[in-house]
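Okay, structure first, notes after.
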Amino acid sequence: MRTKKVILMNESGLHARPASVFVNEANKFKSDISIIKEDKECNGKSIINLLSLGAAKGDCITIKTVGEDEEQALEGLVKLIENGFGE
């Protein structure tokens with residue numbers, strides 16, 4: 001299991017388009033991916049779950065990956081967030 005905290009710096013946080021981009025990237029990996037915000041944890045491969053977090057710009061989230069490609073998954077998803085989802 002790998003985890004890393006990141007701060008959402010893009011304007012819309014994890015809403016609509018960024019959530020879709022995140023889910024598309026997450027689904028490229030075999031590992032289970034979870035996103036944790038405060039006391040809520042959700043499946044990082046489900047857009048409905050991501051949107052339910054209500055994660056906005058400036059929020060700190062934790063990405064948790066578990067599985068055979070967990071390290072690559074974590075690195076790829078952190079990079080995606082740090083690059084502002086390509087916005």
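Identifiers in this document derive from the order of the structure tokens: chains are assigned A, B, ..., residues are numbered from 1 separately in each chain, and ligands are numbered from 1 in order of occurrence.
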
Alpha helix (DSSP H) per DSSP on the backbone: members of chain A, as a PyMOL selection string: chain A and resi 16-26+47-53+70-82

Members of chain A assigned strand (DSSP E) by DSSP, as number ranges by chain: A: 2-7, 32-37, 40-43, 60-66

Dump as a short mmCIF file (atom, residue, chain, number, x, y, z; two decimals), in the first residue's frame, selection limited to N, CA and C atoms:
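Result file selection_14.cif:
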```cif
data_model
loop_
_atom_site.label_atom_id
_atom_site.label_comp_id
_atom_site.auth_asym_id
_atom_site.auth_seq_id
_atom_site.Cartn_x
_atom_site.Cartn_y
_atom_site.Cartn_z
N ARG A 2 0.49 2.20 -0.82
CA ARG A 2 1.19 3.49 -0.90
C ARG A 2 0.16 4.60 -0.69
N THR A 3 0.59 5.67 -0.03
CA THR A 3 -0.28 6.84 0.14
C THR A 3 0.52 8.11 -0.04
N LYS A 4 -0.17 9.16 -0.48
CA LYS A 4 0.45 10.47 -0.58
C LYS A 4 -0.63 11.54 -0.47
N LYS A 5 -0.32 12.59 0.30
CA LYS A 5 -1.23 13.73 0.41
C LYS A 5 -0.86 14.75 -0.66
N VAL A 6 -1.89 15.31 -1.28
CA VAL A 6 -1.70 16.37 -2.27
C VAL A 6 -2.76 17.44 -2.07
N ILE A 7 -2.43 18.64 -2.49
CA ILE A 7 -3.38 19.77 -2.40
C ILE A 7 -3.88 20.06 -3.81
N ASP A 32 -6.06 -1.09 -6.77
CA ASP A 32 -7.21 -0.40 -6.19
C ASP A 32 -6.75 1.00 -5.83
N ILE A 33 -7.59 1.99 -6.12
CA ILE A 33 -7.23 3.38 -5.85
C ILE A 33 -8.34 4.01 -5.04
N SER A 34 -7.95 4.63 -3.93
CA SER A 34 -8.92 5.32 -3.07
C SER A 34 -8.48 6.77 -2.91
N ILE A 35 -9.47 7.63 -2.73
CA ILE A 35 -9.21 9.04 -2.43
C ILE A 35 -9.84 9.30 -1.07
N ILE A 36 -9.06 9.95 -0.20
CA ILE A 36 -9.54 10.25 1.15
C ILE A 36 -9.52 11.76 1.34
N LYS A 37 -10.66 12.29 1.77
CA LYS A 37 -10.76 13.71 2.12
C LYS A 37 -11.42 13.77 3.49
N LYS A 40 -13.88 11.00 4.78
CA LYS A 40 -14.53 10.27 3.70
C LYS A 40 -13.50 9.58 2.83
N GLU A 41 -13.78 8.33 2.46
CA GLU A 41 -12.92 7.60 1.55
C GLU A 41 -13.78 7.05 0.42
N CYS A 42 -13.29 7.20 -0.81
CA CYS A 42 -14.08 6.71 -1.94
C CYS A 42 -13.20 6.02 -2.97
N ASN A 43 -13.85 5.30 -3.86
CA ASN A 43 -13.20 4.59 -4.94
C ASN A 43 -12.74 5.61 -5.98
N CYS A 60 -6.94 19.37 0.80
CA CYS A 60 -5.91 18.33 0.87
C CYS A 60 -6.61 16.98 0.77
N ILE A 61 -6.15 16.16 -0.17
CA ILE A 61 -6.68 14.81 -0.30
C ILE A 61 -5.52 13.83 -0.18
N THR A 62 -5.84 12.61 0.18
CA THR A 62 -4.85 11.54 0.21
C THR A 62 -5.21 10.52 -0.85
N ILE A 63 -4.22 10.17 -1.65
CA ILE A 63 -4.40 9.12 -2.65
C ILE A 63 -3.80 7.85 -2.07
N LYS A 64 -4.58 6.77 -2.09
CA LYS A 64 -4.11 5.48 -1.58
C LYS A 64 -4.19 4.46 -2.71
N THR A 65 -3.08 3.76 -2.94
CA THR A 65 -3.04 2.74 -3.98
C THR A 65 -2.62 1.41 -3.37
N VAL A 66 -3.29 0.34 -3.81
CA VAL A 66 -2.98 -1.00 -3.31
C VAL A 66 -3.04 -1.97 -4.49
#
```

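Residues within 9 Å of Ile81 of chain A, counting only C-alpha atoms and excluding same-chain residues fewer than 6 positions away, are Val6, Ile7, Leu8, Met9, Asn10, Pro18 and Phe22 of chain A.
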
Closest of A:Phe85, A:Glu38, A:Asn49, A:Ser31 to Ala73 of chain A - atom-to-atom distances counting only C-alpha atoms: A:Ser31

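Coordinates place atom CA of Leu77 of chain A at a distance of 14.7 Å from atom CA of Met1 of chain A.
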
Computed interatomic separation between atom CA of Lys79 of chain A and atom CA of Ala26 of chain A (Å): 12.0 Å

Of the listed residues A:Glu71, A:Gly54, A:Gly44, A:Phe29, that which approaches Ala16 of chain A most closely, counting only C-alpha atoms: A:Gly54

One-decimal distance in Å that lies between atom CA of Asp39 of chain A and atom CA of Gly86 of chain A: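 Value for the atom CA of Gly86 of chain A-atom CA of Asp39 of chain A distance: 27.9 Å.
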
Nearest residue to Leu50 of chain A from the set A:Asn27, A:Glu75, A:Glu11, A:Ala19 (distances using only C-alpha atoms):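 Ranked by minimum distance to Leu50 of chain A, first place goes to A:Ala19.
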